[in-house]
file start-v3.txt (compact mmCIF, C-alpha atoms)
# COMPACT_ATOMS: atom_id res chain seq x y z
CA MET H 1 0.00 0.00 0.00
CA ARG H 2 1.58 3.24 -1.16
CA GLU H 3 1.15 5.29 2.02
CA THR H 4 3.58 6.00 4.85
CA ALA H 5 2.72 4.33 8.14
CA GLY H 6 2.75 6.08 11.52
CA ARG H 7 1.49 9.53 10.54
CA ILE H 8 -1.85 11.34 10.53
CA PHE H 9 -2.81 12.56 7.07
CA LYS H 10 -5.85 13.48 4.99
CA ILE H 11 -6.35 11.81 1.64
CA ALA H 12 -8.06 14.91 0.22
CA GLU H 13 -5.24 17.25 1.28
CA ASP H 14 -2.53 14.94 -0.07
CA ASN H 15 -4.30 14.65 -3.44
CA ARG H 16 -5.35 18.18 -4.31
CA PRO H 17 -7.14 18.58 -7.66
CA VAL H 18 -5.47 20.38 -10.55
CA PRO H 19 -7.65 22.87 -12.49
CA GLY H 20 -9.17 21.28 -15.57
CA CYS H 21 -7.72 17.83 -14.84
CA THR H 22 -8.69 14.47 -13.43
CA ILE H 23 -5.89 12.61 -11.63
CA SER H 24 -5.69 9.05 -10.38
CA LYS H 25 -3.17 7.59 -7.94
CA LEU H 26 -2.97 3.81 -7.55
CA VAL H 27 -2.47 2.93 -3.89
CA SER H 28 -2.68 -0.87 -4.02
CA ASP H 29 -3.45 -3.51 -6.68
CA GLU H 30 -2.74 -6.87 -5.08
CA HIS H 31 -4.87 -10.05 -5.31
CA ASP H 32 -7.24 -8.55 -7.91
CA PHE H 33 -8.33 -5.79 -5.55
CA GLY H 34 -7.56 -2.15 -6.32
CA ILE H 35 -7.39 1.01 -4.21
CA THR H 36 -7.11 4.28 -6.14
CA TYR H 37 -7.43 7.95 -5.20
CA PHE H 38 -9.13 10.22 -7.75
CA SER H 39 -8.90 14.02 -7.84
CA MET H 40 -11.29 15.99 -10.04
CA GLY H 41 -10.80 19.61 -10.97
CA ALA H 42 -13.82 21.90 -11.14
CA GLY H 43 -15.98 21.22 -14.19
CA THR H 44 -14.39 17.85 -15.02
CA ARG H 45 -15.86 14.40 -15.51
CA ILE H 46 -15.01 10.70 -15.42
CA SER H 47 -16.63 9.12 -18.50
CA ALA H 48 -19.38 6.53 -17.99
CA GLU H 49 -17.99 3.00 -18.26
CA SER H 50 -19.29 -0.44 -17.27
CA TYR H 51 -17.39 -3.14 -15.39
CA ALA H 52 -18.01 -6.81 -14.65
CA TYR H 53 -17.21 -6.25 -10.98
CA PRO H 54 -18.49 -3.83 -8.31
CA LYS H 55 -16.64 -0.76 -7.13
CA LEU H 56 -16.96 1.16 -3.89
CA ILE H 57 -16.61 4.92 -4.26
CA TYR H 58 -16.03 6.85 -1.03
CA MET H 59 -16.20 10.64 -1.27
CA GLU H 60 -13.37 12.30 0.64
CA GLU H 61 -14.19 15.91 -0.25
CA GLY H 62 -16.65 17.83 -2.39
CA ASN H 63 -19.52 16.23 -4.24
CA VAL H 64 -20.11 14.62 -7.63
CA GLU H 65 -23.10 13.93 -9.85
CA THR H 66 -23.46 10.46 -11.33
CA ILE H 67 -23.92 10.20 -15.11
CA GLY H 68 -24.60 7.41 -17.60
CA ALA H 69 -27.25 4.68 -17.75
CA GLY H 70 -26.28 3.46 -14.28
CA ALA H 71 -27.16 6.81 -12.71
CA GLU H 72 -30.85 6.13 -13.32
CA SER H 73 -30.72 3.09 -11.03
CA LEU H 74 -29.12 4.88 -8.08
CA HIS H 75 -31.02 5.85 -4.97
CA SER H 76 -29.26 9.23 -5.01
CA PRO H 77 -27.80 10.97 -8.10
CA VAL H 78 -25.35 13.05 -6.07
CA LEU H 79 -22.55 11.82 -3.80
CA ALA H 80 -21.39 14.09 -0.98
CA ALA H 81 -18.37 13.89 1.31
CA GLY H 82 -18.61 10.94 3.69
CA GLU H 83 -20.90 8.94 1.40
CA LEU H 84 -20.21 5.54 -0.15
CA LEU H 85 -21.56 4.33 -3.51
CA VAL H 86 -21.75 0.67 -4.56
CA THR H 87 -21.58 0.84 -8.36
CA PRO H 88 -23.91 -1.37 -10.41
CA VAL H 89 -22.28 -4.17 -12.41
CA ASN H 90 -22.26 -4.12 -16.24
CA ILE H 91 -24.11 -0.79 -16.39
CA PRO H 92 -22.25 2.37 -17.49
CA ILE H 93 -21.75 4.96 -14.78
CA GLY H 94 -19.55 8.05 -14.62
CA LEU H 95 -19.03 11.11 -12.46
CA ARG H 96 -18.88 14.86 -13.00
CA THR H 97 -18.37 17.77 -10.66
CA GLY H 98 -18.97 21.50 -10.81
CA LYS H 99 -16.42 22.08 -8.08
CA GLU H 100 -13.30 20.22 -6.96
CA ALA H 101 -13.76 16.70 -5.58
CA VAL H 102 -11.60 13.87 -4.23
CA TYR H 103 -12.67 10.26 -3.75
CA THR H 104 -11.26 6.80 -3.05
CA GLU H 105 -12.23 3.92 -5.31
CA ILE H 106 -12.01 0.28 -4.20
CA THR H 107 -12.41 -2.31 -6.96
CA LEU H 108 -13.63 -5.77 -5.95
CA LYS H 109 -13.81 -9.22 -7.50
CA GLU H 110 -16.99 -10.26 -9.29
CA ASP H 111 -17.87 -12.66 -6.48
CA ALA H 112 -16.61 -10.55 -3.57
CA LYS H 113 -18.18 -11.37 -0.20
CA MET H 114 -20.08 -8.19 0.65
CA ASN H 115 -22.37 -7.49 3.56
CA GLU H 116 -25.92 -7.71 2.19
CA ILE H 117 -26.47 -4.12 3.29
CA LEU H 118 -24.23 -3.07 0.37
CA LYS H 119 -26.82 -3.34 -2.36
CA SER H 120 -25.87 -2.47 -5.93
CA GLY H 121 -26.59 1.17 -6.72
CA SER H 122 -26.97 2.14 -3.07
CA VAL H 123 -25.52 5.26 -1.49
CA PHE H 124 -24.71 5.32 2.23
CA LYS H 125 -23.47 7.83 4.76
CA LEU H 126 -20.67 5.59 6.00
CA LYS H 127 -20.67 6.72 9.63
CA GLU H 128 -24.42 6.09 9.89
CA LEU H 129 -24.21 2.39 9.01
CA LEU H 130 -23.53 1.31 12.59
CA PRO H 131 -24.62 2.68 15.98
CA TYR H 132 -22.88 3.44 19.23
CA GLN H 133 -23.76 1.25 22.19
CA GLU H 134 -23.10 2.18 25.79
CA GLY H 135 -19.91 0.60 27.13
CA LYS H 136 -19.36 -1.41 23.94
CA ILE H 137 -17.37 -1.64 20.73
CA VAL H 138 -19.53 -2.37 17.68
CA ASN H 139 -18.03 -3.94 14.53
CA MET H 140 -19.53 -4.40 11.07
CA ASP H 141 -17.68 -6.13 8.21
CA LEU H 142 -18.68 -4.66 4.85
CA ILE H 143 -16.21 -6.73 2.79
CA ASP H 144 -14.88 -10.07 4.03
CA GLU H 145 -12.34 -11.61 1.65
CA ASP H 146 -9.17 -13.63 2.25
CA HIS H 147 -7.00 -10.71 1.11
CA LEU H 148 -9.26 -7.71 1.72
CA THR H 149 -11.41 -6.65 4.66
CA LEU H 150 -13.40 -3.44 4.98
CA ALA H 151 -14.83 -2.99 8.47
CA LEU H 152 -16.58 -0.26 10.43
CA MET H 153 -16.08 0.13 14.18
CA SER H 154 -17.71 2.33 16.80
CA PHE H 155 -16.21 2.86 20.26
CA ASP H 156 -18.18 4.19 23.18
CA GLN H 157 -16.20 6.65 25.30
CA GLY H 158 -13.85 4.74 27.58
CA THR H 159 -13.64 1.62 25.40
CA GLY H 160 -10.76 0.43 23.26
CA LEU H 161 -8.79 -2.41 21.69
CA SER H 162 -5.67 -3.66 23.46
CA GLU H 163 -2.35 -3.67 21.63
CA HIS H 164 -2.13 -6.21 18.83
CA ALA H 165 -0.71 -6.68 15.32
CA ALA H 166 -2.53 -7.40 12.04
CA PRO H 167 -1.26 -9.76 9.32
CA GLY H 168 -1.55 -7.08 6.64
CA GLU H 169 -1.46 -3.36 5.95
CA ALA H 170 -4.38 -1.26 7.16
CA LEU H 171 -5.74 2.12 6.10
CA ILE H 172 -7.92 3.99 8.62
CA TRP H 173 -10.63 6.61 8.05
CA ALA H 174 -11.72 8.48 11.19
CA LEU H 175 -15.46 8.99 10.64
CA ASP H 176 -16.81 10.56 13.84
CA GLY H 177 -15.61 11.87 17.18
CA GLU H 178 -12.06 11.56 18.46
CA GLY H 179 -9.90 8.46 18.86
CA VAL H 180 -6.41 7.71 20.15
CA ILE H 181 -4.23 5.31 18.17
CA GLY H 182 -1.10 3.87 19.67
CA TYR H 183 1.35 2.72 17.01
CA GLU H 184 4.85 1.35 17.55
CA GLY H 185 5.27 3.14 20.89
CA LYS H 186 3.75 6.51 19.95
CA GLU H 187 0.23 7.91 20.40
CA TYR H 188 -1.74 9.82 17.79
CA THR H 189 -5.09 11.61 18.22
CA LEU H 190 -7.41 11.30 15.22
CA HIS H 191 -10.48 13.42 14.50
CA ALA H 192 -13.20 12.94 11.90
CA GLY H 193 -11.64 13.35 8.44
CA ASP H 194 -8.18 12.09 9.44
CA ASN H 195 -6.45 9.05 7.96
CA PHE H 196 -3.78 6.74 9.33
CA LYS H 197 -1.88 3.69 8.07
CA PHE H 198 -0.50 0.61 9.81
CA ASP H 199 2.24 -1.50 8.26
CA LYS H 200 2.00 -5.29 8.25
CA ASN H 201 2.57 -6.62 11.78
CA GLY H 202 2.75 -3.06 13.16
CA ARG H 203 1.74 -3.16 16.81
CA HIS H 204 -1.15 -0.81 17.60
CA TYR H 205 -4.16 -0.13 19.80
CA VAL H 206 -7.26 2.07 19.51
CA LYS H 207 -9.02 3.93 22.35
CA ALA H 208 -11.92 6.36 22.70
CA VAL H 209 -10.74 8.56 25.55
CA ASN H 210 -12.41 11.97 25.38
CA SER H 211 -15.42 11.14 23.21
CA ARG H 212 -17.06 8.39 21.24
CA PHE H 213 -15.25 7.38 18.05
CA LYS H 214 -16.12 5.75 14.74
CA MET H 215 -13.69 4.57 12.10
CA ALA H 216 -13.46 2.52 8.90
CA LEU H 217 -10.59 0.08 8.45
CA LEU H 218 -9.41 -1.31 5.11
CA LEU H 219 -7.07 -4.28 5.61
CA THR H 220 -5.10 -5.80 2.74
CA MET H 221 -3.18 -9.07 3.12
call {"tool": "encode", "arguments": {"input": "start-v3.txt", "output": "structure tokens"}}
result
Amino acid sequence: MRETAGRIFKIAEDNRPVPGCTISKLVSDEHDFGITYFSMGAGTRISAESYAYPKLIYMEEGNVETIGAGAESLHSPVLAAGELLVTPVNIPIGLRTGKEAVYTEITLKEDAKMNEILKSGSVFKLKELLPYQEGKIVNMDLIDEDHLTLALMSFDQGTGLSEHAAPGEALIWALDGEGVIGYEGKEYTLHAGDNFKFDKNGRHYVKAVNSRFKMALLLTM
């Protein structure tokens, strides 16, 4: 995964749009899964194309309008920051924006094991897919593959995960509240909109100290 571990960053800030241009940055392409950042300058578009596999589009900043035959099947024609789109399979869909926009695209296998909540053509506010529960940590796996996991987690204030290591690289999106991540002996405080990366076997923990905390975790192995 082409990100530096052990630092707080923002995908949107690290991938600023260029006027009049669309830019893509491949982050990972192992085991038939792809992770790519896209930056769209104001007034630009990504042409409508169809694919034999689903894609997840997560808006980091700005908003985009969907175009193409696939747009007619979507529950919402516009994607705003913090929303996730599950693209329809074999139906052309594209994107255009009047202002600057940045998003992350995750390409999946045709038979990827997705949570049934991720229906084709659906748009979700990612942080609203799972609740907080008093004194508990809540987990929801959205993608559950041998080499790729996408999970959501909510931490009530005062809860946390003890130090452990994962068998792959992990990319974190802080979705709500404030969380503390310990990584390789240092602590980092994440707020909604922040990103963080763990290297394979990097020892880490997660705590909700001053407030509740929600995050998304993308693990590649």
call {"tool": "residues_around", "arguments": {"input": "start-v3.txt", "residues": "stretch 124-134 of chain H", "least_positions_apart": "4", "cutoff": "8 Å", "atoms": "all atoms listed in the file", "output": "ChimeraX atom specification"}}
result
/H:82-85,138-140,152-156,175-176,212,214-215
call {"tool": "closest_atom_pairs", "arguments": {"input": "start-v3.txt", "of": "stretch 107-179 of chain H", "to": "stretch 198-204 of chain H", "cutoff": "9 Å", "atoms": "only C-alpha atoms", "output": "Markdown table"}}
result
| residue | atom | partner | partner_atom | distance |
| --- | --- | --- | --- | --- |
| H:Leu161 | CA | H:His204 | CA | 8.8 |
| H:Ser162 | CA | H:His204 | CA | 7.9 |
| H:Glu163 | CA | H:His204 | CA | 5.1 |
| H:His164 | CA | H:Arg203 | CA | 5.3 |
| H:Ala165 | CA | H:Arg203 | CA | 4.5 |
| H:Ala166 | CA | H:Asn201 | CA | 5.2 |
| H:Pro167 | CA | H:Asn201 | CA | 5.5 |
| H:Gly168 | CA | H:Lys200 | CA | 4.3 |
| H:Glu169 | CA | H:Lys200 | CA | 4.6 |
| H:Ala170 | CA | H:Phe198 | CA | 5.1 |
| H:Leu171 | CA | H:Phe198 | CA | 6.6 |
| H:Ile172 | CA | H:Phe198 | CA | 8.2 |
call {"tool": "atom_distance", "arguments": {"input": "start-v3.txt", "atom1": "atom CA of H:Leu190", "atom2": "atom CA of H:Ile11"}}
result
13.6 Å
call {"tool": "closest_residue", "arguments": {"input": "start-v3.txt", "among": "H:Asp14, H:Glu72, H:Glu187, H:Glu110", "to": "H:Phe38", "atoms": "only C-alpha atoms"}}
result
H:Asp14
call {"tool": "atom_distance", "arguments": {"input": "start-v3.txt", "atom1": "atom CA of H:Lys109", "atom2": "atom CA of H:Leu217"}}
result
18.7 Å
call {"tool": "residues_around", "arguments": {"input": "start-v3.txt", "residues": "H:Lys25", "least_positions_apart": "2", "cutoff": "7 Å", "atoms": "all atoms listed in the file", "output": "PyMOL selection string"}}
result
chain H and resi 23+27+36-38
call {"tool": "atom_distance", "arguments": {"input": "start-v3.txt", "atom1": "atom CA of H:Val102", "atom2": "atom CA of H:Tyr205"}}
result
28.8 Å
call {"tool": "closest_residue", "arguments": {"input": "start-v3.txt", "among": "H:Ile106, H:Ile46, H:Ala5, H:Ala112", "to": "H:Ile67", "atoms": "only C-alpha atoms"}}
result
H:Ile46
call {"tool": "residues_around", "arguments": {"input": "start-v3.txt", "residues": "H:Ala174", "least_positions_apart": "2", "cutoff": "6 Å", "atoms": "all atoms listed in the file", "output": "JSON, numbers by chain"}}
result
{"H": [192, 193, 194, 215]}
call {"tool": "residues_around", "arguments": {"input": "start-v3.txt", "residues": "H:Val209", "least_positions_apart": "5", "cutoff": "12 Å", "atoms": "only C-alpha atoms", "output": "MDAnalysis selection string"}}
result
chainID H and resid 155:161 177:181 188:190
call {"tool": "closest_residue", "arguments": {"input": "start-v3.txt", "among": "H:Leu150, H:Met1, H:Ile93, H:Ala81", "to": "H:Ser47", "atoms": "only C-alpha atoms"}}
result
H:Ile93
call {"tool": "residues_around", "arguments": {"input": "start-v3.txt", "residues": "H:Glu30", "least_positions_apart": "3", "cutoff": "9 Å", "atoms": "only C-alpha atoms", "output": "JSON, numbers by chain"}}
result
{"H": [1, 33, 34, 147, 220, 221]}
call {"tool": "closest_residue", "arguments": {"input": "start-v3.txt", "among": "H:Leu95, H:Thr107, H:His75, H:Ser24", "to": "H:Ala52", "atoms": "only C-alpha atoms"}}
result
H:Thr107
call {"tool": "closest_residue", "arguments": {"input": "start-v3.txt", "among": "H:Arg16, H:Gly121, H:Met114, H:Thr87", "to": "H:Glu145", "atoms": "only C-alpha atoms"}}
result
H:Met114
call {"tool": "closest_residue", "arguments": {"input": "start-v3.txt", "among": "H:Ala42, H:Ala48, H:Leu56, H:Ile35", "to": "H:Val123", "atoms": "all atoms listed in the file"}}
result
H:Leu56
